[in-house]
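Asker: My structure is below; once you've seen it, I'll send some questions.
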Amino acid sequence: MKKKGNFKLAEILVALLGVLILGFCIQDSNNFTGFSNTVNAKPVKGDLGKFTVPKKMRGTWYGKYFDINGIKAKKVDKIKITAHTIAGSPLHKQEANFKGTKIPKAARNWSRTYYPVKFKKDKGIKYISMYPWVSPVLSGESLGLYHYKGHRVLIDRTTSSFRITNVYWKTRKLAKKYGGHKPKEFKRYGEW
């Protein structure tokens, strides 16, 4: 009886050892099985990789949109900035000489990003400028940090006319109090 028990134990140990060795072979590289469960995405033409937003710009910001004709939003809007996204749009660097007219599926919600971008008479602000991955016109926005009324704010300029359309604050309370106004020291329109 003891021999049968030892024999069964030996069979179980050999089976476990076989499963363990098979697991290592499959995990080591896919040479053993010849297949892989990872899918390699095709690289997007012109992509130089993700852009990393400076830490001081990250977080949730609040502002009130305003326009050149004196139109001001009544509601406070917000923009969320993470290490690699602004308002949910992934930020990527693009080759300088990229020539493309069709947006690949993978890049449909990407923003091609340039940093630092500076405008004349803008107190040395370094803007992040964002455009659609493929865009026939300059349609996007630029965000840059500035100190205004004793607080760090984000200045938002359009990339088509470079006019200031929003000043974002770190709290909803500050946006309600000061929102809808630009710093007087800035021209409404930026200049290259």
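Quick note on naming: the chains in the structure tokens go A, B, ... in the order shown, residues restart at 1 in each chain, and ligands are numbered from 1 in order of appearance.
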Against region 167-178 of chain A, which residues of region 73-93 of chain A fall within 10 Å? For each one I want the closest pair of atoms and the distance in Å (one decimal), counting only C-alpha atoms, rows by chain and increasing residue number, as a Markdown table.

Answerer:
```
| residue | atom | partner | partner_atom | distance |
| --- | --- | --- | --- | --- |
| A:Lys74 | CA | A:Lys176 | CA | 9.0 |
| A:Lys75 | CA | A:Lys176 | CA | 8.4 |
| A:Val76 | CA | A:Lys176 | CA | 6.7 |
| A:Asp77 | CA | A:Arg172 | CA | 8.7 |
| A:Lys78 | CA | A:Tyr168 | CA | 7.9 |
| A:Ile79 | CA | A:Tyr168 | CA | 8.2 |
```

Asker: Quick one: residues within 10 Å of Pro43 (chain A), only C-alpha atoms, excluding same-chain residues fewer than 4 positions away - as a count of residues only?

Answerer: 5

Asker: For CA of Ser89 (chain A) and CA of Asp67 (chain A), determine how far apart the two atoms are, in Å to one decimal place.

Answerer: 23.4 Å

Asker: Find, counting only C-alpha atoms, the residue in A:Thr82, A:Lys45, A:Phe51, A:Phe119 that gets nearest to Asn97 (chain A).

Answerer: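 Of A:Thr82, A:Lys45, A:Phe51, A:Phe119, the one nearest Asn97 (chain A) is A:Lys45, counting only C-alpha atoms.
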
Asker: For Tyr115 (chain A), which residue out of A:Ala73, A:His84, A:Pro54, A:Lys102 is the nearest one, using only C-alpha atoms?

Answerer: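 Checking each candidate against Tyr115 (chain A), we get A:Pro54 as the closest.
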
Asker: Taking into account only C-alpha atoms, which residue in the set A:Lys99, A:Phe186, A:Ala107, A:Lys80 is nearest to Gly124 (chain A)?

Answerer: A:Phe186

Asker: Would you pick out the contacts of region 111-114 of chain A at 12 Å or less, using only C-alpha atoms, so that residues sharing its chain but fewer than 2 positions from it are not included, and give the list as a short mmCIF file (atom, residue, chain, number, x, y, z; two decimals) with all heavy atoms, in the first residue's frame?

Answerer:
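Result file follows (result.cif):
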```
data_model
loop_
_atom_site.label_atom_id
_atom_site.label_comp_id
_atom_site.auth_asym_id
_atom_site.auth_seq_id
_atom_site.Cartn_x
_atom_site.Cartn_y
_atom_site.Cartn_z
N GLY A 46 5.55 59.70 -38.74
CA GLY A 46 5.82 61.05 -38.26
C GLY A 46 5.83 61.21 -36.75
O GLY A 46 6.19 62.26 -36.23
N ASP A 47 5.45 60.17 -36.00
CA ASP A 47 5.37 60.26 -34.54
C ASP A 47 6.75 60.12 -33.91
O ASP A 47 7.48 59.17 -34.19
CB ASP A 47 4.44 59.17 -34.01
CG ASP A 47 4.27 59.24 -32.50
OD1 ASP A 47 4.39 60.34 -31.93
OD2 ASP A 47 4.01 58.19 -31.89
N LEU A 48 7.10 61.08 -33.06
CA LEU A 48 8.36 61.02 -32.32
C LEU A 48 8.14 60.64 -30.86
O LEU A 48 9.04 60.76 -30.05
CB LEU A 48 9.07 62.39 -32.40
CG LEU A 48 9.54 62.80 -33.78
CD1 LEU A 48 10.14 64.20 -33.74
CD2 LEU A 48 10.55 61.81 -34.34
N GLY A 49 6.93 60.24 -30.51
CA GLY A 49 6.64 59.80 -29.15
C GLY A 49 5.81 60.81 -28.37
O GLY A 49 5.49 61.89 -28.85
N LYS A 50 5.47 60.41 -27.16
CA LYS A 50 4.62 61.24 -26.30
C LYS A 50 5.36 62.49 -25.83
O LYS A 50 6.57 62.47 -25.62
CB LYS A 50 4.17 60.45 -25.08
CG LYS A 50 3.19 59.37 -25.39
CD LYS A 50 2.78 58.65 -24.13
CE LYS A 50 1.77 57.57 -24.44
NZ LYS A 50 1.35 56.87 -23.24
N PHE A 51 4.60 63.55 -25.66
CA PHE A 51 5.12 64.79 -25.09
C PHE A 51 4.78 64.80 -23.61
O PHE A 51 3.66 64.46 -23.24
CB PHE A 51 4.50 66.01 -25.79
CG PHE A 51 4.85 67.31 -25.13
CD1 PHE A 51 6.08 67.90 -25.36
CD2 PHE A 51 3.96 67.92 -24.26
CE1 PHE A 51 6.41 69.10 -24.73
CE2 PHE A 51 4.28 69.12 -23.64
CZ PHE A 51 5.52 69.71 -23.88
N THR A 52 5.72 65.19 -22.77
CA THR A 52 5.50 65.27 -21.33
C THR A 52 5.29 66.73 -20.92
O THR A 52 6.14 67.57 -21.14
CB THR A 52 6.68 64.66 -20.55
OG1 THR A 52 6.86 63.31 -20.99
CG2 THR A 52 6.42 64.68 -19.05
N VAL A 53 4.13 66.98 -20.31
CA VAL A 53 3.76 68.32 -19.85
C VAL A 53 4.58 68.67 -18.61
O VAL A 53 4.71 67.83 -17.71
CB VAL A 53 2.25 68.37 -19.52
CG1 VAL A 53 1.86 69.71 -18.93
CG2 VAL A 53 1.42 68.05 -20.75
N HIS A 84 0.67 63.45 -19.98
CA HIS A 84 0.72 63.26 -21.44
C HIS A 84 -0.57 63.64 -22.16
O HIS A 84 -0.72 63.33 -23.34
CB HIS A 84 1.08 61.81 -21.77
CG HIS A 84 2.39 61.37 -21.18
ND1 HIS A 84 3.60 61.85 -21.61
CD2 HIS A 84 2.66 60.53 -20.17
CE1 HIS A 84 4.57 61.31 -20.90
NE2 HIS A 84 4.03 60.50 -20.01
N THR A 85 -1.52 64.31 -21.46
CA THR A 85 -2.77 64.71 -22.11
C THR A 85 -3.19 66.11 -21.67
O THR A 85 -2.87 66.55 -20.57
CB THR A 85 -3.94 63.75 -21.78
OG1 THR A 85 -4.23 63.84 -20.39
CG2 THR A 85 -3.64 62.32 -22.18
N ILE A 86 -3.91 66.78 -22.55
CA ILE A 86 -4.57 68.03 -22.21
C ILE A 86 -6.01 67.89 -22.69
O ILE A 86 -6.24 67.59 -23.87
CB ILE A 86 -3.89 69.26 -22.83
CG1 ILE A 86 -2.51 69.47 -22.18
CG2 ILE A 86 -4.76 70.50 -22.67
CD1 ILE A 86 -1.72 70.65 -22.68
N ALA A 87 -6.95 68.05 -21.77
CA ALA A 87 -8.38 67.90 -22.06
C ALA A 87 -8.67 66.55 -22.72
O ALA A 87 -9.47 66.45 -23.64
CB ALA A 87 -8.87 69.05 -22.93
N GLY A 88 -7.99 65.51 -22.27
CA GLY A 88 -8.22 64.16 -22.78
C GLY A 88 -7.52 63.84 -24.08
O GLY A 88 -7.56 62.71 -24.56
N SER A 89 -6.88 64.80 -24.70
CA SER A 89 -6.21 64.58 -25.98
C SER A 89 -4.75 64.20 -25.75
O SER A 89 -3.99 64.98 -25.18
CB SER A 89 -6.29 65.86 -26.82
OG SER A 89 -5.69 65.67 -28.07
N PRO A 90 -4.33 63.00 -26.21
CA PRO A 90 -2.93 62.59 -26.04
C PRO A 90 -2.00 63.54 -26.82
O PRO A 90 -2.28 63.90 -27.95
CB PRO A 90 -2.89 61.18 -26.64
CG PRO A 90 -4.30 60.71 -26.60
CD PRO A 90 -5.14 61.93 -26.80
N LEU A 91 -0.90 63.91 -26.19
CA LEU A 91 0.05 64.83 -26.80
C LEU A 91 1.24 64.06 -27.36
O LEU A 91 1.83 63.24 -26.67
CB LEU A 91 0.55 65.83 -25.75
CG LEU A 91 -0.53 66.60 -24.99
CD1 LEU A 91 0.11 67.44 -23.89
CD2 LEU A 91 -1.33 67.46 -25.93
N HIS A 92 1.56 64.34 -28.61
CA HIS A 92 2.69 63.68 -29.27
C HIS A 92 3.55 64.69 -30.00
O HIS A 92 3.05 65.71 -30.48
CB HIS A 92 2.19 62.64 -30.29
CG HIS A 92 1.71 61.38 -29.66
ND1 HIS A 92 2.43 60.22 -29.66
CD2 HIS A 92 0.58 61.11 -28.97
CE1 HIS A 92 1.76 59.27 -29.03
NE2 HIS A 92 0.62 59.79 -28.60
N LYS A 93 4.85 64.38 -30.08
CA LYS A 93 5.76 65.20 -30.88
C LYS A 93 5.72 64.65 -32.30
O LYS A 93 5.55 63.46 -32.51
CB LYS A 93 7.17 65.13 -30.31
CG LYS A 93 7.28 65.73 -28.92
CD LYS A 93 8.63 65.49 -28.31
CE LYS A 93 8.63 64.11 -27.65
NZ LYS A 93 9.81 63.74 -26.96
N GLN A 94 5.88 65.53 -33.27
CA GLN A 94 5.82 65.12 -34.67
C GLN A 94 7.09 65.56 -35.38
O GLN A 94 7.67 66.60 -35.06
CB GLN A 94 4.60 65.78 -35.33
CG GLN A 94 4.29 65.23 -36.71
CD GLN A 94 3.09 65.96 -37.31
OE1 GLN A 94 3.20 67.09 -37.74
NE2 GLN A 94 1.95 65.29 -37.33
N GLU A 95 7.52 64.75 -36.35
CA GLU A 95 8.69 65.10 -37.14
C GLU A 95 8.50 66.47 -37.78
O GLU A 95 7.41 66.78 -38.27
CB GLU A 95 8.92 64.08 -38.25
CG GLU A 95 9.39 62.74 -37.77
CD GLU A 95 9.51 61.73 -38.90
OE1 GLU A 95 9.28 62.08 -40.08
OE2 GLU A 95 9.84 60.58 -38.60
N ALA A 96 9.56 67.27 -37.79
CA ALA A 96 9.47 68.63 -38.34
C ALA A 96 9.10 68.63 -39.82
O ALA A 96 8.37 69.49 -40.28
CB ALA A 96 10.78 69.35 -38.12
N PHE A 98 7.35 66.37 -41.44
CA PHE A 98 6.26 65.42 -41.71
C PHE A 98 5.32 65.96 -42.78
O PHE A 98 4.88 67.10 -42.71
CB PHE A 98 5.48 65.14 -40.42
CG PHE A 98 4.27 64.28 -40.62
CD1 PHE A 98 4.41 62.93 -40.87
CD2 PHE A 98 3.00 64.82 -40.58
CE1 PHE A 98 3.30 62.12 -41.06
CE2 PHE A 98 1.88 64.03 -40.76
CZ PHE A 98 2.04 62.68 -41.00
N ILE A 103 -5.16 61.28 -41.52
CA ILE A 103 -4.90 60.96 -40.12
C ILE A 103 -5.08 59.47 -39.89
O ILE A 103 -6.16 58.93 -40.13
CB ILE A 103 -5.84 61.74 -39.18
CG1 ILE A 103 -5.69 63.25 -39.39
CG2 ILE A 103 -5.57 61.38 -37.73
CD1 ILE A 103 -6.66 64.08 -38.60
N ALA A 106 -4.99 55.51 -35.25
CA ALA A 106 -4.36 55.63 -33.92
C ALA A 106 -4.16 57.08 -33.50
O ALA A 106 -4.12 57.38 -32.32
CB ALA A 106 -3.02 54.91 -33.92
N ALA A 107 -4.06 58.00 -34.45
CA ALA A 107 -3.75 59.40 -34.14
C ALA A 107 -4.95 60.32 -34.25
O ALA A 107 -4.81 61.53 -34.21
CB ALA A 107 -2.63 59.88 -35.06
N ARG A 108 -6.15 59.78 -34.37
CA ARG A 108 -7.34 60.62 -34.59
C ARG A 108 -7.59 61.63 -33.49
O ARG A 108 -8.06 62.73 -33.75
CB ARG A 108 -8.57 59.76 -34.80
CG ARG A 108 -8.52 59.12 -36.17
CD ARG A 108 -9.86 59.01 -36.82
NE ARG A 108 -9.68 58.55 -38.19
CZ ARG A 108 -10.15 57.43 -38.65
NH1 ARG A 108 -10.86 56.64 -37.87
NH2 ARG A 108 -9.93 57.09 -39.90
N ASN A 109 -7.29 61.30 -32.24
CA ASN A 109 -7.53 62.27 -31.16
C ASN A 109 -6.22 62.83 -30.60
O ASN A 109 -6.21 63.48 -29.58
CB ASN A 109 -8.39 61.65 -30.05
CG ASN A 109 -7.67 60.54 -29.33
OD1 ASN A 109 -6.72 59.94 -29.84
ND2 ASN A 109 -8.10 60.24 -28.13
N PRO A 116 9.14 74.82 -26.29
CA PRO A 116 8.40 76.02 -25.92
C PRO A 116 8.13 76.90 -27.13
O PRO A 116 8.95 77.03 -28.02
CB PRO A 116 9.35 76.72 -24.95
CG PRO A 116 10.72 76.34 -25.42
CD PRO A 116 10.58 74.95 -26.00
N VAL A 117 6.97 77.51 -27.13
CA VAL A 117 6.59 78.49 -28.15
C VAL A 117 6.47 79.82 -27.43
O VAL A 117 5.84 79.90 -26.38
CB VAL A 117 5.25 78.11 -28.83
CG1 VAL A 117 4.80 79.20 -29.78
CG2 VAL A 117 5.38 76.78 -29.55
N LYS A 118 7.09 80.87 -27.98
CA LYS A 118 7.04 82.19 -27.33
C LYS A 118 6.45 83.21 -28.29
O LYS A 118 6.65 83.13 -29.50
CB LYS A 118 8.44 82.63 -26.91
CG LYS A 118 9.02 81.80 -25.79
CD LYS A 118 10.34 82.37 -25.34
CE LYS A 118 10.91 81.55 -24.19
NZ LYS A 118 12.14 82.15 -23.68
N LYS A 126 6.40 80.52 -21.78
CA LYS A 126 6.65 79.37 -22.65
C LYS A 126 5.33 78.64 -22.83
O LYS A 126 4.80 78.08 -21.88
CB LYS A 126 7.68 78.44 -22.04
CG LYS A 126 9.06 79.05 -21.93
CD LYS A 126 10.01 78.08 -21.25
CE LYS A 126 11.36 78.70 -21.05
NZ LYS A 126 12.26 77.81 -20.31
N TYR A 127 4.81 78.68 -24.04
CA TYR A 127 3.52 78.04 -24.34
C TYR A 127 3.72 76.63 -24.87
O TYR A 127 4.70 76.34 -25.55
CB TYR A 127 2.78 78.84 -25.42
CG TYR A 127 2.20 80.15 -24.95
CD1 TYR A 127 2.95 81.32 -25.04
CD2 TYR A 127 0.91 80.22 -24.45
CE1 TYR A 127 2.41 82.54 -24.62
CE2 TYR A 127 0.37 81.43 -24.04
CZ TYR A 127 1.13 82.58 -24.13
OH TYR A 127 0.60 83.77 -23.72
N ILE A 128 2.75 75.77 -24.58
CA ILE A 128 2.61 74.49 -25.27
C ILE A 128 1.60 74.76 -26.36
O ILE A 128 0.47 75.15 -26.08
CB ILE A 128 2.07 73.39 -24.33
CG1 ILE A 128 3.06 73.08 -23.22
CG2 ILE A 128 1.73 72.13 -25.13
CD1 ILE A 128 2.52 72.09 -22.19
N SER A 129 1.99 74.59 -27.61
CA SER A 129 1.06 74.78 -28.73
C SER A 129 0.62 73.43 -29.23
O SER A 129 1.44 72.53 -29.45
CB SER A 129 1.71 75.59 -29.85
OG SER A 129 1.83 76.93 -29.47
N MET A 130 -0.70 73.27 -29.42
CA MET A 130 -1.28 71.99 -29.82
C MET A 130 -2.13 72.17 -31.07
O MET A 130 -2.93 73.10 -31.14
CB MET A 130 -2.15 71.44 -28.69
CG MET A 130 -1.39 71.24 -27.40
SD MET A 130 -2.48 71.27 -25.96
CE MET A 130 -2.99 72.96 -25.93
N TYR A 131 -1.95 71.27 -32.02
CA TYR A 131 -2.69 71.27 -33.28
C TYR A 131 -3.20 69.85 -33.54
O TYR A 131 -2.64 68.89 -33.03
CB TYR A 131 -1.77 71.66 -34.44
CG TYR A 131 -1.09 72.99 -34.27
CD1 TYR A 131 0.15 73.09 -33.63
CD2 TYR A 131 -1.66 74.15 -34.76
CE1 TYR A 131 0.77 74.31 -33.48
CE2 TYR A 131 -1.04 75.38 -34.62
CZ TYR A 131 0.18 75.45 -33.98
OH TYR A 131 0.79 76.66 -33.83
N PRO A 132 -4.22 69.70 -34.41
CA PRO A 132 -4.59 68.35 -34.82
C PRO A 132 -3.39 67.68 -35.51
O PRO A 132 -2.51 68.37 -36.03
CB PRO A 132 -5.73 68.58 -35.83
CG PRO A 132 -6.26 69.94 -35.48
CD PRO A 132 -5.10 70.73 -34.97
N TRP A 133 -3.36 66.35 -35.50
CA TRP A 133 -2.22 65.61 -36.06
C TRP A 133 -1.96 66.02 -37.51
O TRP A 133 -0.82 66.24 -37.91
CB TRP A 133 -2.47 64.11 -35.95
CG TRP A 133 -1.27 63.30 -36.31
CD1 TRP A 133 -1.08 62.55 -37.42
CD2 TRP A 133 -0.07 63.18 -35.54
NE1 TRP A 133 0.15 61.96 -37.39
CE2 TRP A 133 0.80 62.33 -36.24
CE3 TRP A 133 0.35 63.72 -34.34
CZ2 TRP A 133 2.07 61.99 -35.79
CZ3 TRP A 133 1.62 63.38 -33.87
CH2 TRP A 133 2.46 62.53 -34.60
N VAL A 134 -3.00 66.13 -38.30
CA VAL A 134 -2.89 66.63 -39.67
C VAL A 134 -3.89 67.77 -39.79
O VAL A 134 -5.07 67.58 -39.57
CB VAL A 134 -3.20 65.54 -40.72
CG1 VAL A 134 -3.22 66.12 -42.12
CG2 VAL A 134 -2.20 64.40 -40.63
N SER A 135 -3.42 68.96 -40.09
CA SER A 135 -4.31 70.10 -40.16
C SER A 135 -3.90 71.02 -41.30
O SER A 135 -2.76 71.46 -41.36
CB SER A 135 -4.26 70.88 -38.84
OG SER A 135 -5.03 72.03 -38.91
N LEU A 138 -3.92 76.47 -39.31
CA LEU A 138 -3.48 76.52 -37.91
C LEU A 138 -4.69 76.61 -36.99
O LEU A 138 -5.14 77.68 -36.62
CB LEU A 138 -2.57 77.74 -37.70
CG LEU A 138 -1.23 77.68 -38.39
CD1 LEU A 138 -0.47 78.98 -38.19
CD2 LEU A 138 -0.41 76.52 -37.89
N SER A 139 -5.24 75.46 -36.64
CA SER A 139 -6.42 75.44 -35.77
C SER A 139 -6.07 74.66 -34.51
O SER A 139 -6.01 73.46 -34.51
CB SER A 139 -7.59 74.80 -36.49
OG SER A 139 -7.24 73.50 -36.92
N GLY A 140 -5.81 75.38 -33.45
CA GLY A 140 -5.47 74.74 -32.19
C GLY A 140 -5.43 75.77 -31.09
O GLY A 140 -6.07 76.81 -31.17
N GLU A 141 -4.65 75.48 -30.06
CA GLU A 141 -4.52 76.42 -28.96
C GLU A 141 -3.15 76.32 -28.33
O GLU A 141 -2.43 75.34 -28.50
CB GLU A 141 -5.61 76.23 -27.92
CG GLU A 141 -5.56 74.93 -27.15
CD GLU A 141 -6.71 74.78 -26.17
OE1 GLU A 141 -6.97 75.72 -25.40
OE2 GLU A 141 -7.35 73.74 -26.18
N SER A 142 -2.79 77.37 -27.60
CA SER A 142 -1.52 77.43 -26.88
C SER A 142 -1.81 77.76 -25.43
O SER A 142 -2.61 78.65 -25.13
CB SER A 142 -0.62 78.52 -27.47
OG SER A 142 -0.29 78.22 -28.81
N LEU A 143 -1.17 77.03 -24.51
CA LEU A 143 -1.33 77.24 -23.07
C LEU A 143 0.02 77.55 -22.45
O LEU A 143 1.00 76.85 -22.72
CB LEU A 143 -1.91 75.99 -22.41
CG LEU A 143 -3.33 75.59 -22.78
CD1 LEU A 143 -3.65 74.20 -22.23
CD2 LEU A 143 -4.32 76.60 -22.24
N GLY A 144 0.06 78.61 -21.64
CA GLY A 144 1.31 78.98 -20.98
C GLY A 144 1.09 79.49 -19.58
O GLY A 144 0.09 80.14 -19.28
N THR A 159 -4.48 79.37 -31.79
CA THR A 159 -3.33 79.34 -32.69
C THR A 159 -3.65 79.92 -34.06
O THR A 159 -2.77 80.08 -34.87
CB THR A 159 -2.79 77.90 -32.84
OG1 THR A 159 -3.87 77.06 -33.24
CG2 THR A 159 -2.20 77.41 -31.54
#
```

Asker: Let me make sure I understand: among A:Met57, A:Ile71, A:Ile155, A:Val44, which one has the smallest atom-to-atom distance to Ala83 (chain A) if we use only C-alpha atoms?

Answerer: A:Met57

Asker: Please report the interatomic distance between CA of Lys120 (chain A) and CA of Tyr65 (chain A) in Å with one decimal.

Answerer: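 Between CA of Lys120 (chain A) and CA of Tyr65 (chain A) the gap is 22.9 Å.
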
Asker: To one decimal place in Å, what is the distance between CA of Pro183 (chain A) and CA of Lys72 (chain A)?

Answerer: 15.2 Å

Asker: Pick the closest to Val153 (chain A) from A:Asn166, A:Lys105, A:Trp110, A:Glu11: which is it, counting only C-alpha atoms?

Answerer: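 Ranked by minimum distance to Val153 (chain A), first place goes to A:Asn166.
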